[in-house]
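Asker: Below are the structure tokens for one structure; questions will follow.
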Amino acid sequence: MFIGTEKLTHTYMPGTPFATEALDEVSFSLKRGEFALIIGPSGSGKSTLVQHLNGLLRPTSGRVFFEGQEISSDKRGLLHLRRRIGLVFQMPEEQFFSESVYAEVAFAPHNLGLDESEIKNRVKDALGKVGLNAEQLQDRHPFQLSAGQKRLVAVAAVLSLNPEVLILDEPTAGLDPAGRRNLFDLLAMLNRDSGLTVIISTHHLDEVAALADRIIVLQHGRLVLEGVAKEILTRRQQLDDLGLALPAVTEILHGLAERGLPVRTDIFTLAGARAEINKLKGRREL
Amino acid sequence: MSSSITLGQYLPGTSPIHQLNPRLKIFTLFLMLVLLFSLKTFGGLIGLFFIAITLIASAKVPFRYFLRGLRPILYIFIFTLVIYLFFTKGGIVLLRIGFITVESEGVREGFFVIIRLITLVLFSLLVTLTTTPLSLTNAMGHFLKPLRYIGLPTEEVAMIMAIALRFIPTLMEESQRLMRAQVSRGADFESGSIFRKAKSLVPLIVPLFISAFRRADELALAMEARGYRIGAKRTRMYEDVIAPGDWVAIAFVLALLATVLAFSL
Amino acid sequence: MFSRPEIIIEARDLAYTYYSGEDADSSPALSGINLAVYRGEYVALIGPNGSGKTTLLKLFNALLAPTDGEVRVEGISTVEEENIPRIRRTCGMIFQNPDNQLVATTVEEDIAFGLENLALPSAEIRQKVGDVARLLGLEDLLQQPPHLLSGGEKQRVAIAGVLAMQPGCILMDEPTSMLDPAGRRDVIDTVCELNRNRGIAVVHVTHFPEEAVFAGRVIVLNQGRLIRQGPPEEVLTDLSLLHDLGLQGPAAVELAALLREDGFSLQPQLLHRRELVNSLCSLERKS
């Protein structure tokens with residue numbers, strides 16, 4: 001497997017009366033270049049799981065793999081790992097501490113010990129990847145940017161590591177609908193064009209369901225569903241029981257299917273739903 | 001969350017000690033402090049030590065929490081004992097190595113001091129393990145109320161303390177998350193010179209401060225929206241009551257005090 | 001019912017400009033706002049970022065005083081200092097960040113916070129807290145510290161705290177934007193029920209169009225001005241308006257618009273998913 005876990009278990013504060021098991025024997029595996037979603041209600045262990053994938057948390061038992069090998073536990077190994085697996089936390093703009101966008105995005109390559117000219121390239125590159133103009137923005141103070149721009153800069157600040165895997169924890173929390181769409185489209189593009197393996201932990205399926213290859217579903221720290229995205233997204237009752245909402249257009253298609261209309265329900269975009277419903281028209285005059 | 005924060009942390013329970021009035025517990029703790037430092041005889045000290053042990057048993061808090069609480073000051077105990085053993089002279093010479101001697105007075109005083117310290121810590125832990133932090137701050141706030149007459153904003157200070165307590169776990173989680181986030185960007189907080197380590201803390205401290213100010217702003221607004229006004233009269237949902245158990249405790253403490261004074265312990 | 005509904009909040013020629021320190025150039029956050037919120041109403045307030053929605057809410061509960069014009073709550077002006085406690089009791093507010101509005105170390109003490117500020121007797125406070133906790137199903141959480149609650153639970157605690165004050169109106173500033181779908185449902189259900197069964201007015205600022213469909217009236221702000229108001233089936237189906245402002249309509253509305261372009265004859269003010277499903281099904285049946 002390219003990246004994944006095997007019977008990963010994580011207990012917070014073991015041995016105390018406050019011990020909580022956040023993950024219970026979670027096993028999954030992803031291939032290079034896949035676009036995966038980790039979904040589940042809040043408290044299901046999503047954040048804990050993603051923090052294991054780049055070695056921030058150590059398993060209580062079980063193993064985490066990258067490129068077929070168990071990830072190392074020594075400092076140098078982990079530093080090396082984090083160059084290749086980037087993790088963007090929730091509300092990442094809250095990590096800002098620099099006075100310029102440039103400094104913020106340069107922080108990561110600087111920590112890697114790269115030289116100035118390489119850092120410059122990385123910053124320009126990373127900002128470009130998130131659709132921002134480096135020249136225009138890099139000298140501005142991060143707090144002067146709009147909410148959407150701040151979020152993009154924060155993602156660029158991890159992309160400047162040039163990772164092979166990008167993991168994002170609730171990347172669209174707090175963004176308005178336009179900002180959400182923009183970010184997901186960007187990630188889809190990076191996945192398609194540069195083969196970046198993308199893993200998103202979210203409970204916001206609306207804009208991203210259509211983009212995923214694989215979906216992993218967690219509940220109470222256990223992996224309850226896992227497989228090809230399109231297939232998982234047809235398990236409407238199960239997802240509903242877990243408190244997860246399918247995209248609104250998919251719900252509409254389900255509503256039609258329940259009433260006997262011959263429409264597919266594995267469609268998750270507005271354009272797709274439109275096309276699907278139009279097929280009904282093809283059959284007779286409406 | 002670090003598991004080593006058992007020092008002073010509250011453990012929920014329903015023992016008689018848990019239910020005692022918090023103000024009484026603080027006042028009694030203060031009294032024990034005074035008693036401990038005015039005891040003269042070893043017998044009296046051992047007596048108080050055993051009283052502490054008995055109270056701990058009746059509080060139904062596992063003893064390991066008290067051991068954990070004593071652990072950080074273990075070095076102080078050892079250090080103090082060593083000082084007394086080797087530098088306090090008097091009584092019979094027990095040991096001689098070259099020109100260094102250990103004499104019986106040294107042993108006696110050394111053990112007296114550390115047993116006193118241990119007993120003091122045990123009483124303190126007993127209070128903090130059986131009383132919620134908020135009750136403690138409110139009780140202390142109550143004792144500081146007279147300072148209001150010299151212009152100190154005791155009510156507001158009490159509110160500040162309560163809010164600080166409320167946000168300590170939240171801020172701890174936040175700083176942990178922040179540290180991990182910066183580590184994910186390649187930050188290294190452990191290696192290098194003192195200078196380098198200090199510099200590496202900037203990506204931690206700046207965002208935490210900014211976040212703290214923003215929280216304070218939002219919280220202040222929310223408090224205002226819920227009718228909080230500085231200087232206005234407020235009541236409390238739970239007011240400290242004196243229950244029968246408290247009277248028993250008071251009687252017991254008075255008896256103790258009387259015994260110590262009567263027998264010049 | 002022939003009596004005119006009673007007004008609970010009224011804004012007349014309301015304007016507000018944030019003081020930025022320098023003269024000139026600070027454009028008003030709100031200008032020329034005239035509107036009324038009626039008792040028992042559920043109003044959704046939508047608009048792009050920076051349109052003044054949050055500012056308007058803060059003017060309603062006297063967190064801000066108007067730069068121009070006036071706001072009256074139950075007929076009382078929000079400018080008079082001595083009115084403020086009563087106004088803030090009548091208009092309770094729920095904020096976007098669930099964490100930064102919970103003050104106390106336990107749920108029950110937090111619910112009590114507003115009542116403590118009113119200096120009510122302890123016994124009365126305890127009773128009201130118990131009543132509200134039972135009403136909102138929070139009895140099991142009463143001794144919990146806030147940091148152990150989920151986002152949805154925190155918001156429900158905040159609602160409980162506001163409800164304990166027996167408000168006439170609940171003002172909510174994007175209360176669900178930081179919650180997961182289950183938490184969002186809990187909060188919306190709770191507030192809808194309070195509105196329906198207890199007649200508490202609600203002003204709900206949201207950028208989820210799906211949340212605005214439940215309102216009795218939708219108000220649209222843009223750049224500090226009130227540009228449209230009306231029932232959701234009129235406002236949320238006006239896609240040219242919404243799209244101009246960079247907003248999206250509810251999914252059913254957007255899909256219906258596309259299908260109409262394709263020749264499906266759907267009723268013009270279609271708002272809910274089930275309406276779309278029903279219409280498509282009956283079209284299918286007819287042919």
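Naming works like this for the structure tokens: A, B, ... for the chains as they're shown, residue 1 at the start of each chain, ligands 1 onward in shown order.
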Which residues of chain C are close to chain B, meaning at most 9 Å apart when you count only C-alpha atoms, and how do they look as a VMD selection string?
Answerer: chain C and resid 58 61 to 63 84 to 86 88 to 89 91 to 95 97 99 to 106 108 to 109 112 to 126 145 to 147 161 to 162 165
Asker: With N, CA and C atoms retained, write the just-selected residues as a tab-separated table (two decimals), in the first residue's frame.
Answerer:
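Written out: again_2.tsv:
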```tsv
chain	number	residue	atom	x	y	z
C	58	LYS	N	-26.10	43.10	16.15
C	58	LYS	CA	-25.55	43.74	17.35
C	58	LYS	C	-26.27	45.04	17.67
C	61	ASN	N	-29.53	44.09	19.79
C	61	ASN	CA	-29.46	43.85	21.24
C	61	ASN	C	-28.56	44.84	21.95
C	62	ALA	N	-28.41	46.00	21.34
C	62	ALA	CA	-27.73	47.13	21.98
C	62	ALA	C	-26.27	46.86	22.31
C	63	LEU	N	-25.65	45.91	21.61
C	63	LEU	CA	-24.19	45.79	21.75
C	63	LEU	C	-23.53	46.96	21.03
C	84	ILE	N	-30.85	49.02	28.62
C	84	ILE	CA	-30.03	47.94	28.06
C	84	ILE	C	-30.24	46.59	28.73
C	85	PRO	N	-30.27	46.49	30.05
C	85	PRO	CA	-30.49	45.17	30.64
C	85	PRO	C	-31.79	44.52	30.14
C	86	ARG	N	-32.84	45.31	30.07
C	86	ARG	CA	-34.11	44.73	29.63
C	86	ARG	C	-34.04	44.31	28.16
C	88	ARG	N	-31.41	43.40	26.47
C	88	ARG	CA	-30.59	42.21	26.30
C	88	ARG	C	-31.28	40.97	26.85
C	89	ARG	N	-32.23	41.18	27.74
C	89	ARG	CA	-33.00	40.04	28.22
C	89	ARG	C	-34.01	39.62	27.16
C	91	CYS	N	-33.81	40.25	23.87
C	91	CYS	CA	-33.14	39.74	22.67
C	91	CYS	C	-31.89	38.99	23.08
C	92	GLY	N	-31.98	37.66	23.10
C	92	GLY	CA	-30.80	36.88	23.43
C	92	GLY	C	-30.01	36.60	22.18
C	93	MET	N	-28.69	36.41	22.32
C	93	MET	CA	-27.88	36.20	21.13
C	93	MET	C	-27.06	34.93	21.19
C	94	ILE	N	-27.02	34.21	20.08
C	94	ILE	CA	-26.18	33.02	19.94
C	94	ILE	C	-25.09	33.34	18.92
C	95	PHE	N	-23.84	33.08	19.28
C	95	PHE	CA	-22.74	33.47	18.42
C	95	PHE	C	-22.22	32.30	17.58
C	97	ASN	N	-19.03	31.12	17.15
C	97	ASN	CA	-18.05	30.22	17.74
C	97	ASN	C	-18.62	29.63	19.03
C	99	ASP	N	-17.45	27.82	21.33
C	99	ASP	CA	-16.58	27.86	22.50
C	99	ASP	C	-16.54	29.22	23.18
C	100	ASN	N	-16.42	30.27	22.38
C	100	ASN	CA	-16.15	31.58	22.95
C	100	ASN	C	-17.38	32.30	23.47
C	101	GLN	N	-18.46	31.56	23.73
C	101	GLN	CA	-19.60	32.20	24.39
C	101	GLN	C	-19.97	31.45	25.67
C	102	LEU	N	-19.24	30.38	25.96
C	102	LEU	CA	-19.50	29.63	27.20
C	102	LEU	C	-18.52	30.08	28.26
C	103	VAL	N	-19.06	30.60	29.35
C	103	VAL	CA	-18.25	31.30	30.33
C	103	VAL	C	-17.86	30.44	31.52
C	104	ALA	N	-18.78	29.54	31.91
C	104	ALA	CA	-18.60	28.88	33.20
C	104	ALA	C	-17.91	27.53	33.07
C	105	THR	N	-17.55	26.94	34.19
C	105	THR	CA	-16.81	25.68	34.17
C	105	THR	C	-17.71	24.46	34.04
C	106	THR	N	-19.02	24.63	34.25
C	106	THR	CA	-19.93	23.51	34.00
C	106	THR	C	-21.11	24.01	33.19
C	108	GLU	N	-24.29	23.62	33.72
C	108	GLU	CA	-25.40	24.21	34.47
C	108	GLU	C	-25.06	25.62	34.94
C	109	GLU	N	-23.79	25.84	35.31
C	109	GLU	CA	-23.42	27.19	35.73
C	109	GLU	C	-23.47	28.15	34.56
C	112	ALA	N	-26.89	29.23	33.89
C	112	ALA	CA	-27.32	30.15	34.95
C	112	ALA	C	-26.74	31.55	34.81
C	113	PHE	N	-25.71	31.70	33.96
C	113	PHE	CA	-24.96	32.96	33.91
C	113	PHE	C	-25.84	34.19	33.73
C	114	GLY	N	-26.73	34.13	32.75
C	114	GLY	CA	-27.58	35.30	32.50
C	114	GLY	C	-28.49	35.60	33.68
C	115	LEU	N	-29.01	34.53	34.31
C	115	LEU	CA	-29.90	34.72	35.45
C	115	LEU	C	-29.13	35.28	36.64
C	116	GLU	N	-27.87	34.85	36.78
C	116	GLU	CA	-27.04	35.41	37.86
C	116	GLU	C	-26.82	36.90	37.65
C	117	ASN	N	-26.67	37.27	36.37
C	117	ASN	CA	-26.47	38.68	36.07
C	117	ASN	C	-27.69	39.52	36.41
C	118	LEU	N	-28.86	38.88	36.47
C	118	LEU	CA	-30.08	39.59	36.83
C	118	LEU	C	-30.27	39.63	38.35
C	119	ALA	N	-29.32	39.03	39.07
C	119	ALA	CA	-29.36	39.00	40.53
C	119	ALA	C	-30.63	38.37	41.08
C	120	LEU	N	-31.09	37.31	40.39
C	120	LEU	CA	-32.25	36.58	40.90
C	120	LEU	C	-31.84	35.72	42.08
C	121	PRO	N	-32.80	35.36	42.94
C	121	PRO	CA	-32.45	34.51	44.08
C	121	PRO	C	-31.96	33.14	43.62
C	122	SER	N	-31.03	32.55	44.38
C	122	SER	CA	-30.40	31.28	43.99
C	122	SER	C	-31.41	30.18	43.68
C	123	ALA	N	-32.41	30.05	44.53
C	123	ALA	CA	-33.37	28.96	44.35
C	123	ALA	C	-34.11	29.11	43.02
C	124	GLU	N	-34.46	30.37	42.70
C	124	GLU	CA	-35.16	30.63	41.45
C	124	GLU	C	-34.26	30.29	40.26
C	125	ILE	N	-32.99	30.65	40.38
C	125	ILE	CA	-32.04	30.34	39.31
C	125	ILE	C	-31.96	28.84	39.09
C	126	ARG	N	-31.81	28.11	40.19
C	126	ARG	CA	-31.68	26.66	40.06
C	126	ARG	C	-32.91	26.06	39.39
C	145	PRO	N	-17.95	19.82	31.94
C	145	PRO	CA	-17.25	21.06	31.57
C	145	PRO	C	-17.39	21.29	30.07
C	146	PRO	N	-17.41	22.55	29.65
C	146	PRO	CA	-17.69	22.85	28.24
C	146	PRO	C	-16.74	22.19	27.27
C	147	HIS	N	-15.46	22.04	27.65
C	147	HIS	CA	-14.50	21.58	26.64
C	147	HIS	C	-14.70	20.12	26.27
C	161	GLY	N	-28.99	28.81	27.75
C	161	GLY	CA	-28.67	29.99	28.54
C	161	GLY	C	-29.52	31.19	28.14
C	162	VAL	N	-29.76	31.32	26.84
C	162	VAL	CA	-30.59	32.42	26.35
C	162	VAL	C	-32.05	32.17	26.71
C	165	MET	N	-33.59	33.12	30.05
C	165	MET	CA	-33.93	34.52	30.29
C	165	MET	C	-35.33	34.85	29.80
```
Asker: Should the cut-off be 9 Å, what would the residue list for chain C against chain A look like, counting only C-alpha atoms, as a PyMOL selection string?
Answerer: chain C and resi 48-49+150-151+177-183+207-208+246-248+250-252+254-256+258-259+262-265+273-274+276-278+280-281+283-284+286-287
Asker: Please, which residues of region 46-231 of chain A, numbered as in this document, come out helix (DSSP H, G or I) from DSSP, as JSON, numbers by chain?
Answerer: {"A": [46, 47, 48, 49, 50, 51, 52, 53, 75, 76, 77, 78, 79, 80, 81, 82, 83, 84, 92, 93, 94, 95, 101, 102, 103, 104, 105, 106, 107, 108, 109, 110, 111, 116, 117, 118, 119, 120, 121, 122, 123, 124, 125, 126, 127, 128, 129, 134, 135, 136, 137, 142, 143, 144, 147, 148, 149, 150, 151, 152, 153, 154, 155, 156, 157, 158, 159, 177, 178, 179, 180, 181, 182, 183, 184, 185, 186, 187, 188, 189, 190, 191, 192, 193, 194, 209, 210, 211, 229, 230, 231]}
Asker: Can you check which residues of chain B have any atom within 10 Å of chain A? Use only C-alpha atoms and format it as a list in words.
Answerer: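 Residues satisfying the distance criterion: Met1, Ser2, Ser3, Ser4, Thr6, Leu11, Arg177, Leu178, Met179, Arg180, Ala181, Gln182, Val183, Ser184, Arg185, Gly186, Ala187, Asp188, Val202, Pro203, Leu204, Ile205, Val206, Pro207, Leu208, Phe209, Ile210 and Ser211 of chain B.
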Asker: For the residues selected in the previous step, produce a file with C-alpha atoms as an mmCIF file, in the first residue's frame.
Answerer:
```cif
data_model
loop_
_atom_site.group_PDB
_atom_site.id
_atom_site.type_symbol
_atom_site.label_atom_id
_atom_site.label_comp_id
_atom_site.auth_asym_id
_atom_site.auth_seq_id
_atom_site.Cartn_x
_atom_site.Cartn_y
_atom_site.Cartn_z
ATOM 1 C CA MET B 1 -3.754 15.839 27.313
ATOM 2 C CA SER B 2 -0.773 15.131 29.485
ATOM 3 C CA SER B 3 -1.397 12.548 32.146
ATOM 4 C CA SER B 4 0.948 14.185 34.603
ATOM 5 C CA THR B 6 -2.749 15.083 38.584
ATOM 6 C CA LEU B 11 -11.262 13.915 41.182
ATOM 7 C CA ARG B 177 -2.813 21.315 18.291
ATOM 8 C CA LEU B 178 -0.891 24.405 17.279
ATOM 9 C CA MET B 179 2.407 22.795 18.161
ATOM 10 C CA ARG B 180 1.554 19.766 16.058
ATOM 11 C CA ALA B 181 0.481 21.970 13.186
ATOM 12 C CA GLN B 182 3.795 23.828 13.218
ATOM 13 C CA VAL B 183 5.676 20.534 13.521
ATOM 14 C CA SER B 184 3.827 19.440 10.384
ATOM 15 C CA ARG B 185 5.437 22.448 8.705
ATOM 16 C CA GLY B 186 8.834 21.223 9.766
ATOM 17 C CA ALA B 187 9.197 23.245 12.958
ATOM 18 C CA ASP B 188 11.535 21.831 15.570
ATOM 19 C CA VAL B 202 7.702 32.407 18.034
ATOM 20 C CA PRO B 203 5.425 30.329 15.770
ATOM 21 C CA LEU B 204 3.779 29.052 18.955
ATOM 22 C CA ILE B 205 3.542 32.158 21.056
ATOM 23 C CA VAL B 206 2.370 34.644 18.441
ATOM 24 C CA PRO B 207 -0.633 32.643 17.238
ATOM 25 C CA LEU B 208 -1.596 31.728 20.811
ATOM 26 C CA PHE B 209 -1.589 35.344 21.856
ATOM 27 C CA ILE B 210 -3.574 36.401 18.834
ATOM 28 C CA SER B 211 -6.065 33.632 19.454
#
```
Asker: Excluding Gly137 (chain C) and any residue of its chain fewer than 2 positions from it, enumerate the residues within 12 Å of it, using only C-alpha atoms, and give them as a PDB file with N, CA and C atoms, in the first residue's frame.
Answerer:
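Generated output (part.pdb):
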```pdb
ATOM      1  N   VAL C 129     -32.949  26.934  35.621  1.00  0.00           N
ATOM      2  CA  VAL C 129     -31.922  26.160  34.910  1.00  0.00           C
ATOM      3  C   VAL C 129     -32.394  24.729  34.702  1.00  0.00           C
ATOM      4  N   GLY C 130     -32.965  24.148  35.747  1.00  0.00           N
ATOM      5  CA  GLY C 130     -33.485  22.783  35.646  1.00  0.00           C
ATOM      6  C   GLY C 130     -34.573  22.684  34.582  1.00  0.00           C
ATOM      7  N   ASP C 131     -35.498  23.650  34.587  1.00  0.00           N
ATOM      8  CA  ASP C 131     -36.594  23.642  33.608  1.00  0.00           C
ATOM      9  C   ASP C 131     -36.065  23.684  32.184  1.00  0.00           C
ATOM     10  N   VAL C 132     -35.163  24.601  31.941  1.00  0.00           N
ATOM     11  CA  VAL C 132     -34.639  24.781  30.599  1.00  0.00           C
ATOM     12  C   VAL C 132     -33.828  23.560  30.161  1.00  0.00           C
ATOM     13  N   ALA C 133     -33.054  23.002  31.090  1.00  0.00           N
ATOM     14  CA  ALA C 133     -32.249  21.821  30.758  1.00  0.00           C
ATOM     15  C   ALA C 133     -33.156  20.657  30.361  1.00  0.00           C
ATOM     16  N   ARG C 134     -34.274  20.517  31.099  1.00  0.00           N
ATOM     17  CA  ARG C 134     -35.219  19.442  30.771  1.00  0.00           C
ATOM     18  C   ARG C 134     -35.831  19.685  29.407  1.00  0.00           C
ATOM     19  N   LEU C 135     -36.205  20.928  29.157  1.00  0.00           N
ATOM     20  CA  LEU C 135     -36.830  21.273  27.887  1.00  0.00           C
ATOM     21  C   LEU C 135     -35.945  20.950  26.698  1.00  0.00           C
ATOM     22  N   GLU C 139     -30.240  17.451  30.522  1.00  0.00           N
ATOM     23  CA  GLU C 139     -30.057  17.081  31.934  1.00  0.00           C
ATOM     24  C   GLU C 139     -28.801  16.263  32.177  1.00  0.00           C
ATOM     25  N   ASP C 140     -28.482  15.370  31.227  1.00  0.00           N
ATOM     26  CA  ASP C 140     -27.307  14.522  31.452  1.00  0.00           C
ATOM     27  C   ASP C 140     -25.996  15.290  31.344  1.00  0.00           C
ATOM     28  N   LEU C 141     -26.050  16.469  30.757  1.00  0.00           N
ATOM     29  CA  LEU C 141     -24.800  17.200  30.528  1.00  0.00           C
ATOM     30  C   LEU C 141     -24.523  18.252  31.589  1.00  0.00           C
ATOM     31  N   LEU C 142     -25.442  18.412  32.527  1.00  0.00           N
ATOM     32  CA  LEU C 142     -25.367  19.559  33.427  1.00  0.00           C
ATOM     33  C   LEU C 142     -24.043  19.700  34.170  1.00  0.00           C
ATOM     34  N   GLU C 153     -23.629  20.345  20.911  1.00  0.00           N
ATOM     35  CA  GLU C 153     -24.032  20.418  22.316  1.00  0.00           C
ATOM     36  C   GLU C 153     -23.726  21.795  22.889  1.00  0.00           C
ATOM     37  N   ARG C 156     -26.301  24.191  21.865  1.00  0.00           N
ATOM     38  CA  ARG C 156     -27.572  23.979  22.569  1.00  0.00           C
ATOM     39  C   ARG C 156     -27.490  24.500  23.995  1.00  0.00           C
ATOM     40  N   VAL C 157     -26.303  24.400  24.583  1.00  0.00           N
ATOM     41  CA  VAL C 157     -26.128  24.988  25.926  1.00  0.00           C
ATOM     42  C   VAL C 157     -26.283  26.499  25.842  1.00  0.00           C
ATOM     43  N   ILE C 159     -28.043  28.090  23.675  1.00  0.00           N
ATOM     44  CA  ILE C 159     -29.477  28.360  23.493  1.00  0.00           C
ATOM     45  C   ILE C 159     -30.204  28.248  24.824  1.00  0.00           C
ATOM     46  N   ALA C 160     -29.819  27.241  25.615  1.00  0.00           N
ATOM     47  CA  ALA C 160     -30.449  27.082  26.928  1.00  0.00           C
ATOM     48  C   ALA C 160     -30.226  28.319  27.780  1.00  0.00           C
ATOM     49  N   ASP C 186     -29.455  19.458  14.916  1.00  0.00           N
ATOM     50  CA  ASP C 186     -29.898  19.631  16.305  1.00  0.00           C
ATOM     51  C   ASP C 186     -30.229  21.078  16.601  1.00  0.00           C
ATOM     52  N   THR C 190     -33.937  22.533  17.275  1.00  0.00           N
ATOM     53  CA  THR C 190     -34.214  23.136  18.578  1.00  0.00           C
ATOM     54  C   THR C 190     -34.818  24.520  18.416  1.00  0.00           C
TER      55      THR C 190
END
```
Asker: Find the residue from A:Thr269, A:Ser61, A:Asn191, A:Gln237 that sits nearest to Ala36 (chain A); use only C-alpha atoms when measuring.
Answerer: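 Closest to Ala36 (chain A) of all the choices is A:Asn191.
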Asker: Which neighbours of Pro142 (chain A) fall inside 7 Å, counting only C-alpha atoms, when residues of the same chain fewer than 4 positions from it are skipped, and could you give them as a list in words?
Answerer: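 My reading of the contact set: Glu99, Ser100, Val101 and Lys150 of chain A.
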Asker: For region 120-130 of chain B, work out the shell of residues within 8 Å, counting only C-alpha atoms and skipping chain neighbours fewer than 2 positions away, then give it as a list of chain:residue names.
Answerer: B:Leu7, B:Gly8, B:Gln9, B:Tyr10, B:Leu11, B:Pro12, B:Gly13, B:Ile17, B:His18, B:Lys25, B:Ile26, B:Leu29, B:Met32, B:Leu33, B:Leu36, B:Ala52, B:Ile56, B:Ala59, B:Val61, B:Phe66, B:Gly69, B:Leu70, B:Arg116, B:Leu117, B:Ile118, B:Thr132, B:Pro133, B:Leu136
Asker: Go ahead and save the picked residues with N, CA and C atoms, as a compact mmCIF listing (two decimals), in the first residue's frame.
Answerer:
```txt
# COMPACT_ATOMS: atom_id res chain seq x y z
N LEU B 7 -1.37 16.69 39.71
CA LEU B 7 -1.05 17.55 40.84
C LEU B 7 -2.12 18.62 40.95
N GLY B 8 -2.93 18.54 41.97
CA GLY B 8 -3.94 19.56 42.17
C GLY B 8 -5.20 19.36 41.35
N GLN B 9 -5.29 18.31 40.55
CA GLN B 9 -6.50 18.17 39.74
C GLN B 9 -7.63 17.53 40.53
N TYR B 10 -8.85 17.95 40.23
CA TYR B 10 -10.01 17.50 40.99
C TYR B 10 -10.45 16.11 40.54
N LEU B 11 -10.74 15.24 41.48
CA LEU B 11 -11.26 13.91 41.18
C LEU B 11 -12.68 13.84 41.74
N PRO B 12 -13.68 13.68 40.88
CA PRO B 12 -15.06 13.71 41.37
C PRO B 12 -15.32 12.59 42.38
N GLY B 13 -16.20 12.83 43.33
CA GLY B 13 -16.51 11.80 44.32
C GLY B 13 -17.61 12.27 45.24
N ILE B 17 -15.55 14.05 52.69
CA ILE B 17 -14.59 15.13 52.47
C ILE B 17 -14.98 15.96 51.25
N HIS B 18 -15.43 15.28 50.19
CA HIS B 18 -15.87 15.99 48.99
C HIS B 18 -16.99 16.96 49.30
N LYS B 25 -12.92 24.02 54.12
CA LYS B 25 -11.72 23.26 53.77
C LYS B 25 -10.51 24.18 53.65
N ILE B 26 -10.69 25.31 53.02
CA ILE B 26 -9.56 26.24 52.88
C ILE B 26 -9.14 26.77 54.24
N LEU B 29 -7.37 24.12 56.10
CA LEU B 29 -6.02 23.94 55.54
C LEU B 29 -5.08 24.98 56.11
N MET B 32 -4.26 24.08 59.60
CA MET B 32 -3.30 22.96 59.66
C MET B 32 -1.90 23.47 59.43
N LEU B 33 -1.78 24.41 58.51
CA LEU B 33 -0.49 25.03 58.22
C LEU B 33 0.08 25.63 59.49
N LEU B 36 0.95 22.91 62.02
CA LEU B 36 2.15 22.16 61.66
C LEU B 36 3.42 22.93 61.99
N ALA B 52 -3.93 12.96 58.78
CA ALA B 52 -3.97 13.19 57.33
C ALA B 52 -4.28 11.88 56.61
N ILE B 56 -7.48 11.01 54.25
CA ILE B 56 -7.30 10.56 52.87
C ILE B 56 -8.09 9.28 52.62
N ALA B 59 -11.64 10.00 52.20
CA ALA B 59 -11.97 10.73 50.97
C ALA B 59 -12.12 9.78 49.79
N VAL B 61 -10.04 8.64 47.77
CA VAL B 61 -9.22 8.94 46.59
C VAL B 61 -8.04 7.99 46.62
N PHE B 66 -1.88 10.75 45.56
CA PHE B 66 -1.10 11.51 46.53
C PHE B 66 0.39 11.26 46.32
N GLY B 69 1.49 13.26 43.55
CA GLY B 69 1.59 14.66 43.94
C GLY B 69 2.84 14.94 44.73
N LEU B 70 3.32 13.95 45.45
CA LEU B 70 4.53 14.13 46.25
C LEU B 70 5.79 14.03 45.39
N ARG B 116 6.96 16.96 58.36
CA ARG B 116 6.10 18.14 58.41
C ARG B 116 5.72 18.57 56.99
N LEU B 117 6.72 18.61 56.13
CA LEU B 117 6.49 18.99 54.73
C LEU B 117 5.53 18.02 54.05
N ILE B 118 5.79 16.73 54.27
CA ILE B 118 4.94 15.72 53.64
C ILE B 118 3.50 15.87 54.11
N THR B 132 -13.68 21.17 43.61
CA THR B 132 -13.53 21.65 42.25
C THR B 132 -12.76 22.97 42.24
N PRO B 133 -11.95 23.17 41.19
CA PRO B 133 -11.16 24.40 41.12
C PRO B 133 -12.02 25.65 41.26
N LEU B 136 -12.85 26.30 44.82
CA LEU B 136 -11.69 26.82 45.53
C LEU B 136 -11.50 28.31 45.27
```
Asker: Within 12 Å of Asn133 (chain A), counting only C-alpha atoms, which residues qualify if same-chain residues fewer than 3 places away don't, as a list of chain:residue names?
Answerer: A:Val101, A:Tyr102, A:Val123, A:Lys124, A:Asp125, A:Ala126, A:Leu127, A:Gly128, A:Lys129, A:Val130, A:Gln136, A:Leu137, A:Gln138, A:Asp139, A:Arg140, A:Gln149, A:Leu152, A:Val153, A:Ala156
Asker: I'd like the contact shell of Val107 (chain B) - 9 Å cut-off, only C-alpha atoms, skipping same-chain residues fewer than 6 positions apart - returned as a VMD selection string.
Answerer: chain B and resid 81 84 to 86 88
Asker: Figure out the distance between CA of Arg84 (chain A) and CA of Leu114 (chain A), please, to one decimal in Å.
Answerer: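 Going from CA of Leu114 (chain A) over to CA of Arg84 (chain A), I get 14.9 Å.
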Asker: Once DSSP has gone over the backbone, tell me which residues of region 4-247 of chain B are in strand (DSSP E), as an MDAnalysis selection string.
Answerer: chainID B and resid 93:97 100:103
